[in-house]
file final_20.txt (compact mmCIF, C-alpha atoms)
# COMPACT_ATOMS: atom_id res chain seq x y z
CA MET A 967 -19.59 -8.51 5.77
CA ARG A 968 -19.86 -12.25 6.35
CA SER A 969 -16.84 -14.35 5.47
CA GLU A 970 -16.66 -16.86 2.64
CA ASN A 971 -16.72 -19.74 5.13
CA GLU A 972 -19.78 -18.32 6.85
CA MET A 973 -21.59 -18.06 3.53
CA TYR A 974 -20.73 -21.57 2.38
CA ASN A 975 -21.83 -22.96 5.75
CA LEU A 976 -25.11 -21.07 5.54
CA LEU A 977 -25.84 -22.08 1.95
CA LEU A 978 -25.13 -25.73 2.69
CA GLU A 979 -26.99 -25.81 6.01
CA VAL A 980 -30.11 -24.46 4.35
CA ALA A 981 -29.86 -27.20 1.74
CA LYS A 982 -29.18 -29.96 4.27
CA ASN A 983 -32.15 -28.95 6.42
CA ASP A 984 -34.64 -28.74 3.54
CA ASP A 985 -35.78 -32.11 2.21
CA ARG A 986 -36.96 -30.47 -1.01
CA ILE A 987 -33.35 -29.61 -1.93
CA LYS A 988 -31.45 -32.58 -3.34
CA ALA A 989 -28.14 -31.05 -4.38
CA VAL A 990 -26.16 -27.80 -4.58
CA TYR A 991 -23.70 -26.59 -7.16
CA MET A 992 -21.97 -23.30 -7.89
CA ASN A 993 -21.03 -21.44 -11.07
CA GLY A 994 -19.31 -18.15 -11.77
CA SER A 995 -16.16 -16.39 -10.70
CA ARG A 996 -15.81 -18.16 -7.35
CA THR A 997 -15.15 -21.42 -9.19
CA ASN A 998 -12.55 -19.83 -11.49
CA GLU A 999 -9.02 -19.99 -10.11
CA ASN A 1000 -7.86 -17.44 -12.69
CA VAL A 1001 -10.11 -14.68 -11.36
CA PRO A 1002 -8.74 -12.33 -8.67
CA LYS A 1003 -10.56 -12.94 -5.39
CA ASP A 1004 -12.31 -10.06 -3.66
CA ILE A 1005 -15.17 -9.34 -1.27
CA PHE A 1006 -17.65 -8.39 -3.99
CA GLN A 1007 -17.72 -11.68 -5.87
CA ASP A 1008 -21.25 -13.02 -6.12
CA TYR A 1009 -22.26 -16.44 -4.87
CA ASP A 1010 -23.78 -18.03 -7.99
CA ILE A 1011 -25.64 -20.95 -6.43
CA VAL A 1012 -28.02 -23.57 -7.83
CA TYR A 1013 -30.31 -25.60 -5.59
CA VAL A 1014 -31.49 -28.75 -7.35
CA VAL A 1015 -35.02 -29.36 -6.14
CA GLU A 1016 -37.92 -31.77 -6.58
CA ASP A 1017 -40.31 -29.00 -7.58
CA THR A 1018 -39.80 -25.26 -8.02
CA GLN A 1019 -43.41 -24.29 -7.33
CA SER A 1020 -43.28 -24.45 -3.54
CA PHE A 1021 -40.26 -22.13 -3.55
CA ILE A 1022 -41.99 -19.69 -5.90
CA GLU A 1023 -45.18 -19.55 -3.85
CA ASP A 1024 -43.35 -18.86 -0.58
CA LYS A 1025 -41.65 -15.50 -1.11
CA ASP A 1026 -40.40 -15.38 2.48
CA TRP A 1027 -38.24 -18.50 2.49
CA ILE A 1028 -35.19 -16.59 1.23
CA SER A 1029 -35.15 -14.43 4.41
CA ILE A 1030 -33.09 -17.20 5.98
CA PHE A 1031 -30.06 -15.92 4.06
CA GLY A 1032 -30.00 -12.55 5.80
CA GLU A 1033 -31.33 -9.00 5.61
CA ILE A 1034 -32.09 -8.26 1.97
CA LEU A 1035 -31.32 -4.68 0.97
CA TYR A 1036 -32.99 -5.04 -2.43
CA MET A 1037 -33.44 -7.80 -4.98
CA GLN A 1038 -34.76 -8.95 -8.32
CA TYR A 1039 -36.93 -11.83 -9.50
CA PRO A 1040 -35.63 -12.10 -13.10
CA ASP A 1041 -38.18 -14.75 -14.08
CA GLU A 1042 -41.03 -12.37 -13.23
CA ASN A 1043 -39.86 -9.83 -15.81
CA PRO A 1044 -42.47 -9.74 -18.60
CA ASN A 1045 -39.80 -8.88 -21.16
CA TYR A 1046 -37.94 -12.16 -20.63
CA PRO A 1047 -40.17 -15.23 -20.82
CA SER A 1048 -38.92 -18.10 -18.66
CA ASP A 1049 -39.61 -21.70 -17.75
CA LYS A 1050 -40.54 -21.24 -14.09
CA LYS A 1051 -41.51 -24.88 -13.74
CA ASN A 1052 -37.90 -25.90 -14.22
CA SER A 1053 -35.82 -22.87 -13.25
CA TYR A 1054 -36.52 -19.86 -11.01
CA GLY A 1055 -34.04 -17.25 -9.81
CA TYR A 1056 -33.53 -14.86 -6.91
CA LEU A 1057 -30.91 -12.11 -7.24
CA MET A 1058 -30.31 -10.83 -3.70
CA GLN A 1059 -28.21 -7.95 -2.42
CA PHE A 1060 -27.82 -8.16 1.35
CA ALA A 1061 -27.35 -5.31 3.78
CA ASP A 1062 -23.85 -6.50 4.75
CA GLY A 1063 -22.58 -6.32 1.15
CA ILE A 1064 -22.98 -10.00 0.22
CA ARG A 1065 -24.77 -10.86 -3.01
CA ILE A 1066 -26.29 -14.24 -3.82
CA ASP A 1067 -27.59 -15.15 -7.27
CA LEU A 1068 -29.62 -18.20 -6.36
CA THR A 1069 -31.54 -20.42 -8.76
CA VAL A 1070 -33.77 -23.36 -7.93
CA LYS A 1071 -33.80 -25.92 -10.74
CA SER A 1072 -35.76 -29.10 -11.16
CA VAL A 1073 -33.76 -32.33 -11.10
CA SER A 1074 -34.44 -33.09 -14.76
CA TYR A 1075 -33.52 -29.57 -15.85
CA ALA A 1076 -30.32 -29.55 -13.80
CA LEU A 1077 -29.23 -32.91 -15.17
CA GLN A 1078 -29.83 -31.66 -18.69
CA HIS A 1079 -27.86 -28.44 -18.33
CA ILE A 1080 -25.24 -28.87 -15.59
CA LYS A 1081 -22.42 -29.68 -18.02
CA GLU A 1082 -23.03 -26.68 -20.26
CA ASP A 1083 -21.02 -24.31 -18.06
CA LYS A 1084 -17.53 -25.64 -17.37
CA LEU A 1085 -17.19 -23.22 -14.46
CA CYS A 1086 -19.23 -25.53 -12.27
CA LYS A 1087 -18.45 -27.05 -8.88
CA ILE A 1088 -20.69 -29.46 -6.97
CA LEU A 1089 -20.95 -28.49 -3.29
CA LEU A 1090 -23.49 -31.04 -2.07
CA ASP A 1091 -25.24 -34.06 -3.53
CA LYS A 1092 -27.47 -35.64 -0.89
CA GLU A 1093 -28.72 -38.53 -3.03
CA ASN A 1094 -25.94 -38.82 -5.63
CA ILE A 1095 -28.21 -37.62 -8.40
CA LEU A 1096 -25.69 -35.40 -10.19
CA PRO A 1097 -23.21 -36.74 -12.76
CA GLU A 1098 -19.47 -36.55 -12.30
CA ILE A 1099 -18.13 -33.36 -13.81
CA GLU A 1100 -14.62 -32.18 -14.65
CA ALA A 1101 -12.80 -29.73 -12.42
CA ALA A 1102 -14.03 -26.18 -12.99
CA THR A 1103 -12.23 -24.45 -15.85
CA ASP A 1104 -12.70 -21.28 -17.91
CA ARG A 1105 -11.39 -22.98 -21.05
CA GLN A 1106 -14.68 -22.57 -22.90
CA TYR A 1107 -14.30 -18.79 -22.50
CA PHE A 1108 -10.79 -18.61 -23.98
CA VAL A 1109 -10.33 -16.11 -26.79
CA LYS A 1110 -10.83 -18.07 -30.01
CA LYS A 1111 -8.80 -17.69 -33.17
CA PRO A 1112 -10.99 -16.04 -35.82
CA ALA A 1113 -11.56 -17.10 -39.39
CA LYS A 1114 -10.28 -14.76 -42.07
CA GLU A 1115 -13.86 -13.75 -42.89
CA GLN A 1116 -14.45 -12.73 -39.26
CA PHE A 1117 -11.32 -10.59 -39.26
CA LEU A 1118 -12.28 -8.79 -42.47
CA ALA A 1119 -15.87 -8.31 -41.30
CA ALA A 1120 -14.71 -6.76 -38.01
CA CYS A 1121 -12.47 -4.33 -39.88
CA ASN A 1122 -15.21 -3.38 -42.32
CA GLU A 1123 -17.81 -2.91 -39.58
CA PHE A 1124 -15.49 -0.71 -37.56
CA TRP A 1125 -14.61 1.61 -40.42
CA TRP A 1126 -18.07 1.71 -41.97
CA CYS A 1127 -19.74 2.77 -38.73
CA THR A 1128 -17.30 5.62 -38.13
CA ASN A 1129 -19.26 7.30 -40.93
CA ASN A 1130 -22.26 7.53 -38.59
CA ILE A 1131 -20.10 8.78 -35.74
CA ALA A 1132 -18.75 11.55 -37.98
CA LYS A 1133 -22.22 12.76 -38.92
CA GLY A 1134 -23.43 12.50 -35.34
CA LEU A 1135 -20.53 14.55 -34.00
CA TRP A 1136 -20.93 17.20 -36.70
CA ARG A 1137 -24.58 17.48 -35.67
CA GLU A 1138 -23.57 17.38 -31.97
CA GLU A 1139 -25.96 14.49 -31.35
CA ILE A 1140 -24.08 13.00 -28.41
CA PRO A 1141 -26.66 10.32 -27.40
CA TYR A 1142 -26.59 8.96 -30.97
CA VAL A 1143 -22.79 9.15 -31.09
CA GLN A 1144 -22.47 7.30 -27.80
CA ASP A 1145 -24.77 4.52 -28.99
CA MET A 1146 -23.08 4.20 -32.37
CA THR A 1147 -19.68 4.08 -30.65
CA ASP A 1148 -20.53 1.66 -27.87
CA TYR A 1149 -22.80 -0.71 -29.80
CA CYS A 1150 -21.23 -0.73 -33.28
CA VAL A 1151 -17.65 0.54 -33.32
CA ARG A 1152 -16.17 -0.19 -29.90
CA PRO A 1153 -17.18 -3.89 -29.98
CA GLN A 1154 -15.03 -4.32 -33.09
CA LEU A 1155 -12.08 -2.67 -31.36
CA ILE A 1156 -12.53 -4.87 -28.28
CA THR A 1157 -12.78 -7.95 -30.49
CA MET A 1158 -9.54 -7.00 -32.25
CA LEU A 1159 -7.78 -6.40 -28.92
CA ASN A 1160 -8.98 -9.79 -27.73
CA TRP A 1161 -7.53 -11.41 -30.84
CA LYS A 1162 -4.23 -9.71 -30.14
CA ALA A 1163 -4.30 -11.07 -26.58
CA GLY A 1164 -5.08 -14.49 -28.03
CA ILE A 1165 -2.09 -14.30 -30.35
CA LEU A 1166 0.22 -13.16 -27.54
CA THR A 1167 -0.88 -16.02 -25.26
CA GLY A 1168 -1.29 -18.82 -27.76
CA TRP A 1169 -5.10 -18.65 -27.46
CA SER A 1170 -4.92 -19.84 -23.86
CA VAL A 1171 -6.70 -17.13 -21.84
CA SER A 1172 -10.10 -15.67 -21.10
CA THR A 1173 -10.29 -11.90 -20.88
CA GLY A 1174 -13.37 -12.07 -18.67
CA LYS A 1175 -16.82 -10.56 -18.85
CA SER A 1176 -16.77 -7.34 -20.88
CA SER A 1177 -13.08 -8.10 -21.55
CA LYS A 1178 -12.26 -6.54 -18.18
CA TYR A 1179 -8.98 -8.46 -17.86
CA LEU A 1180 -7.55 -7.40 -21.22
CA TYR A 1181 -5.07 -5.17 -19.40
CA LYS A 1182 -3.19 -8.28 -18.26
CA TRP A 1183 -2.01 -9.13 -21.76
CA LEU A 1184 -1.76 -5.80 -23.57
CA PRO A 1185 1.19 -3.38 -23.39
CA GLU A 1186 0.52 -0.75 -20.75
CA GLU A 1187 0.53 2.15 -23.21
CA GLU A 1188 -1.93 0.35 -25.46
CA TRP A 1189 -4.27 -0.28 -22.53
CA LYS A 1190 -4.08 3.38 -21.51
CA MET A 1191 -4.86 4.40 -25.07
CA PHE A 1192 -7.85 2.08 -25.09
CA LEU A 1193 -9.19 3.65 -21.88
CA SER A 1194 -8.78 7.09 -23.45
CA THR A 1195 -11.28 6.14 -26.15
CA TYR A 1196 -14.12 6.50 -23.62
CA PHE A 1197 -15.55 10.01 -23.68
CA ASP A 1198 -18.00 12.26 -21.88
CA GLY A 1199 -20.74 14.53 -23.27
CA ASN A 1200 -18.31 17.09 -24.65
CA VAL A 1201 -18.16 17.10 -28.47
CA ASP A 1202 -14.49 18.09 -28.64
CA HIS A 1203 -13.55 15.35 -26.17
CA ALA A 1204 -15.54 12.87 -28.25
CA TRP A 1205 -13.72 13.81 -31.46
CA LYS A 1206 -10.34 13.29 -29.80
CA SER A 1207 -11.37 9.94 -28.35
CA VAL A 1208 -12.82 8.69 -31.63
CA LEU A 1209 -9.67 9.64 -33.54
CA ARG A 1210 -7.56 7.81 -30.94
CA MET A 1211 -9.88 4.83 -31.33
CA CYS A 1212 -9.20 4.82 -35.07
CA GLU A 1213 -5.44 4.96 -34.53
CA LEU A 1214 -5.55 2.14 -32.02
CA PHE A 1215 -7.77 -0.03 -34.18
CA GLU A 1216 -5.55 0.41 -37.21
CA ASN A 1217 -2.42 -0.55 -35.27
CA VAL A 1218 -3.99 -3.60 -33.65
CA ALA A 1219 -5.70 -4.78 -36.86
CA GLN A 1220 -2.39 -4.61 -38.69
CA PHE A 1221 -0.76 -6.64 -35.90
CA VAL A 1222 -3.51 -9.28 -35.99
CA GLY A 1223 -3.53 -9.46 -39.76
CA LYS A 1224 0.24 -9.84 -39.96
CA ASN A 1225 0.38 -12.55 -37.30
CA LEU A 1226 -2.46 -14.52 -38.83
CA GLU A 1227 -1.04 -13.98 -42.32
CA TRP A 1228 -4.05 -12.08 -43.60
CA GLU A 1229 -3.92 -8.80 -45.47
CA TYR A 1230 -5.42 -5.88 -43.62
CA ASN A 1231 -7.41 -3.59 -45.96
CA GLU A 1232 -5.31 -0.50 -45.46
CA LYS A 1233 -7.06 1.38 -48.29
CA GLU A 1234 -10.44 1.00 -46.57
CA GLY A 1235 -9.11 2.20 -43.23
CA LYS A 1236 -7.35 5.25 -44.66
CA ALA A 1237 -10.42 6.23 -46.69
CA ALA A 1238 -12.75 5.97 -43.69
CA ARG A 1239 -10.39 7.89 -41.45
CA ALA A 1240 -9.91 10.58 -44.09
CA PHE A 1241 -13.67 11.06 -44.28
CA LEU A 1242 -13.88 11.24 -40.49
CA GLU A 1243 -11.19 13.93 -40.38
CA TYR A 1244 -12.85 15.82 -43.27
CA VAL A 1245 -16.12 15.99 -41.35
CA HIS A 1246 -14.20 17.06 -38.24
CA ARG A 1247 -12.88 20.10 -40.14
CA LEU A 1248 -16.14 20.82 -41.91
CA PRO A 1249 -17.76 24.14 -40.85
CA LYS A 1250 -21.28 23.87 -39.47
CA ASN A 1251 -22.68 26.21 -42.15
CA GLU A 1252 -21.73 23.86 -45.03

call {"tool": "encode", "arguments": {"input": "final_20.txt", "output": "structure tokens"}}
result
Amino acid sequence: MRSENEMYNLLLEVAKNDDRIKAVYMNGSRTNENVPKDIFQDYDIVYVVEDTQSFIEDKDWISIFGEILYMQYPDENPNYPSDKKNSYGYLMQFADGIRIDLTVKSVSYALQHIKEDKLCKILLDKENILPEIEAATDRQYFVKKPAKEQFLAACNEFWWCTNNIAKGLWREEIPYVQDMTDYCVRPQLITMLNWKAGILTGWSVSTGKSSKYLYKWLPEEEWKMFLSTYFDGNVDHAWKSVLRMCELFENVAQFVGKNLEWEYNEKEGKAARAFLEYVHRLPKNE
């Protein structure tokens, strides 16, 4: 696998030798000093160009970056309309393990949007066309203190949707149960855990994409319990994981409510959990 220095040299040399490219900047984890460094971090690169069309028409120009194992042209996906005239992307996985997520953006488009992502670092500006930007920071991704209404809504959504999980498990409809868990119930648990991390850190951290860094700020046993809420296709395993999820959510919601001086609806939680446990015991011939 090529080194970080080799990759930066290559990315900048390509830009320097192509008159169509006016500037280069980078986003993503490689600009974030709070992210652990490893060999699988993508290179999220933007080439600021006069015109995107010549890059789009020449599909072979990207071969200069190395042997491409496989790739994606996200702006060619019919399900996601895009503005190719101003922004066009190439997601490239190379044979040596390197991945580059490269986007060519028109000058006007880049100038309009460059400040939106605070995790941005200018690598090259051949004609001084880019504005001065602050040092890269993940501050905009910090866990944010919720409003009381958000807290209550998260609690209600969690407990209400366990009703659907209960019915799905009784019917042994695992695909439905997985979807209801992962798209309706688990997001509320993750949100609550994030709020706890925010409280513990004074709302000064980002837990990363998919909250993958939550483990840094939660007690070890709590993190292990959270991981145990993920289940396989076995109905009995799913019941155990869902009941652990309910226990964890209740504990964390009470912590968040107490620290933010809001009353957690204990009656709602106990009623929903009681129904879940009733369905768990319910014979299939009822």

call {"tool": "closest_atom_pairs", "arguments": {"input": "final_20.txt", "of": "region 1142-1188 of chain A", "to": "region 1001-1011 of chain A", "cutoff": "12 Å", "atoms": "only C-alpha atoms", "output": "tab-separated table"}}
result
residue	atom	partner	partner_atom	distance
A:Val1171	CA	A:Val1001	CA	11.3
A:Ser1172	CA	A:Val1001	CA	9.8
A:Thr1173	CA	A:Val1001	CA	9.9
A:Gly1174	CA	A:Val1001	CA	8.4
A:Lys1175	CA	A:Val1001	CA	10.9
A:Lys1178	CA	A:Val1001	CA	10.8
A:Tyr1179	CA	A:Val1001	CA	9.1
A:Lys1182	CA	A:Val1001	CA	11.7

call {"tool": "residues_around", "arguments": {"input": "final_20.txt", "residues": "Leu978 (chain A)", "least_positions_apart": "6", "cutoff": "12 Å", "atoms": "all atoms listed in the file", "output": "list in words"}}
result
Asn971, Glu972, Asp984, Ile987, Lys988, Ala989, Val990, Tyr991, Met992, Ile1011, Val1012, Tyr1013, Phe1031, Ile1088, Leu1089, Leu1090, Asp1091 and Lys1092 of chain A

call {"tool": "write_last_selection", "arguments": {"input": "final_20.txt", "atoms": "C-alpha atoms", "output": "mmCIF file, keeping the file's coordinate frame"}}
result
data_model
loop_
_atom_site.group_PDB
_atom_site.id
_atom_site.type_symbol
_atom_site.label_atom_id
_atom_site.label_comp_id
_atom_site.auth_asym_id
_atom_site.auth_seq_id
_atom_site.Cartn_x
_atom_site.Cartn_y
_atom_site.Cartn_z
ATOM 1 C CA ASN A 971 -16.720 -19.740 5.130
ATOM 2 C CA GLU A 972 -19.780 -18.320 6.850
ATOM 3 C CA ASP A 984 -34.640 -28.740 3.540
ATOM 4 C CA ILE A 987 -33.350 -29.610 -1.930
ATOM 5 C CA LYS A 988 -31.450 -32.580 -3.340
ATOM 6 C CA ALA A 989 -28.140 -31.050 -4.380
ATOM 7 C CA VAL A 990 -26.160 -27.800 -4.580
ATOM 8 C CA TYR A 991 -23.700 -26.590 -7.160
ATOM 9 C CA MET A 992 -21.970 -23.300 -7.890
ATOM 10 C CA ILE A 1011 -25.640 -20.950 -6.430
ATOM 11 C CA VAL A 1012 -28.020 -23.570 -7.830
ATOM 12 C CA TYR A 1013 -30.310 -25.600 -5.590
ATOM 13 C CA PHE A 1031 -30.060 -15.920 4.060
ATOM 14 C CA ILE A 1088 -20.690 -29.460 -6.970
ATOM 15 C CA LEU A 1089 -20.950 -28.490 -3.290
ATOM 16 C CA LEU A 1090 -23.490 -31.040 -2.070
ATOM 17 C CA ASP A 1091 -25.240 -34.060 -3.530
ATOM 18 C CA LYS A 1092 -27.470 -35.640 -0.890
#

call {"tool": "atom_distance", "arguments": {"input": "final_20.txt", "atom1": "CA of Gln1038 (chain A)", "atom2": "CA of Glu1082 (chain A)"}}
result
24.4 Å

call {"tool": "closest_residue", "arguments": {"input": "final_20.txt", "among": "A:Ile1165, A:Met1191, A:Leu1184, A:Cys1127", "to": "Leu1242 (chain A)", "atoms": "only C-alpha atoms"}}
result
A:Cys1127

call {"tool": "axis_aligned_box", "arguments": {"input": "final_20.txt", "around": "region 1189-1194 of chain A", "padding_each_side": "3 Å", "output": "JSON"}}
result
{"center_x": -6.6, "center_y": 3.4, "center_z": -23.3, "size_x": 11.1, "size_y": 13.4, "size_z": 9.6}

call {"tool": "closest_atom_pairs", "arguments": {"input": "final_20.txt", "of": "region 1055-1166 of chain A", "to": "region 1227-1237 of chain A", "cutoff": "8 Å", "atoms": "only C-alpha atoms", "output": "Markdown table"}}
result
| residue | atom | partner | partner_atom | distance |
| --- | --- | --- | --- | --- |
| A:Lys1114 | CA | A:Trp1228 | CA | 7.0 |
| A:Leu1118 | CA | A:Tyr1230 | CA | 7.5 |
| A:Cys1121 | CA | A:Asn1231 | CA | 7.9 |
| A:Asn1122 | CA | A:Glu1234 | CA | 7.7 |
| A:Trp1125 | CA | A:Gly1235 | CA | 6.2 |

call {"tool": "closest_residue", "arguments": {"input": "final_20.txt", "among": "A:Ile1131, A:Asp1198, A:Ile1156, A:Trp1169", "to": "Tyr1107 (chain A)", "atoms": "only C-alpha atoms"}}
result
A:Trp1169

call {"tool": "atom_distance", "arguments": {"input": "final_20.txt", "atom1": "CA of Met1158 (chain A)", "atom2": "CA of Asn1130 (chain A)"}}
result
20.3 Å

call {"tool": "atom_distance", "arguments": {"input": "final_20.txt", "atom1": "CA of Gly1063 (chain A)", "atom2": "CA of Asn998 (chain A)"}}
result
21.0 Å
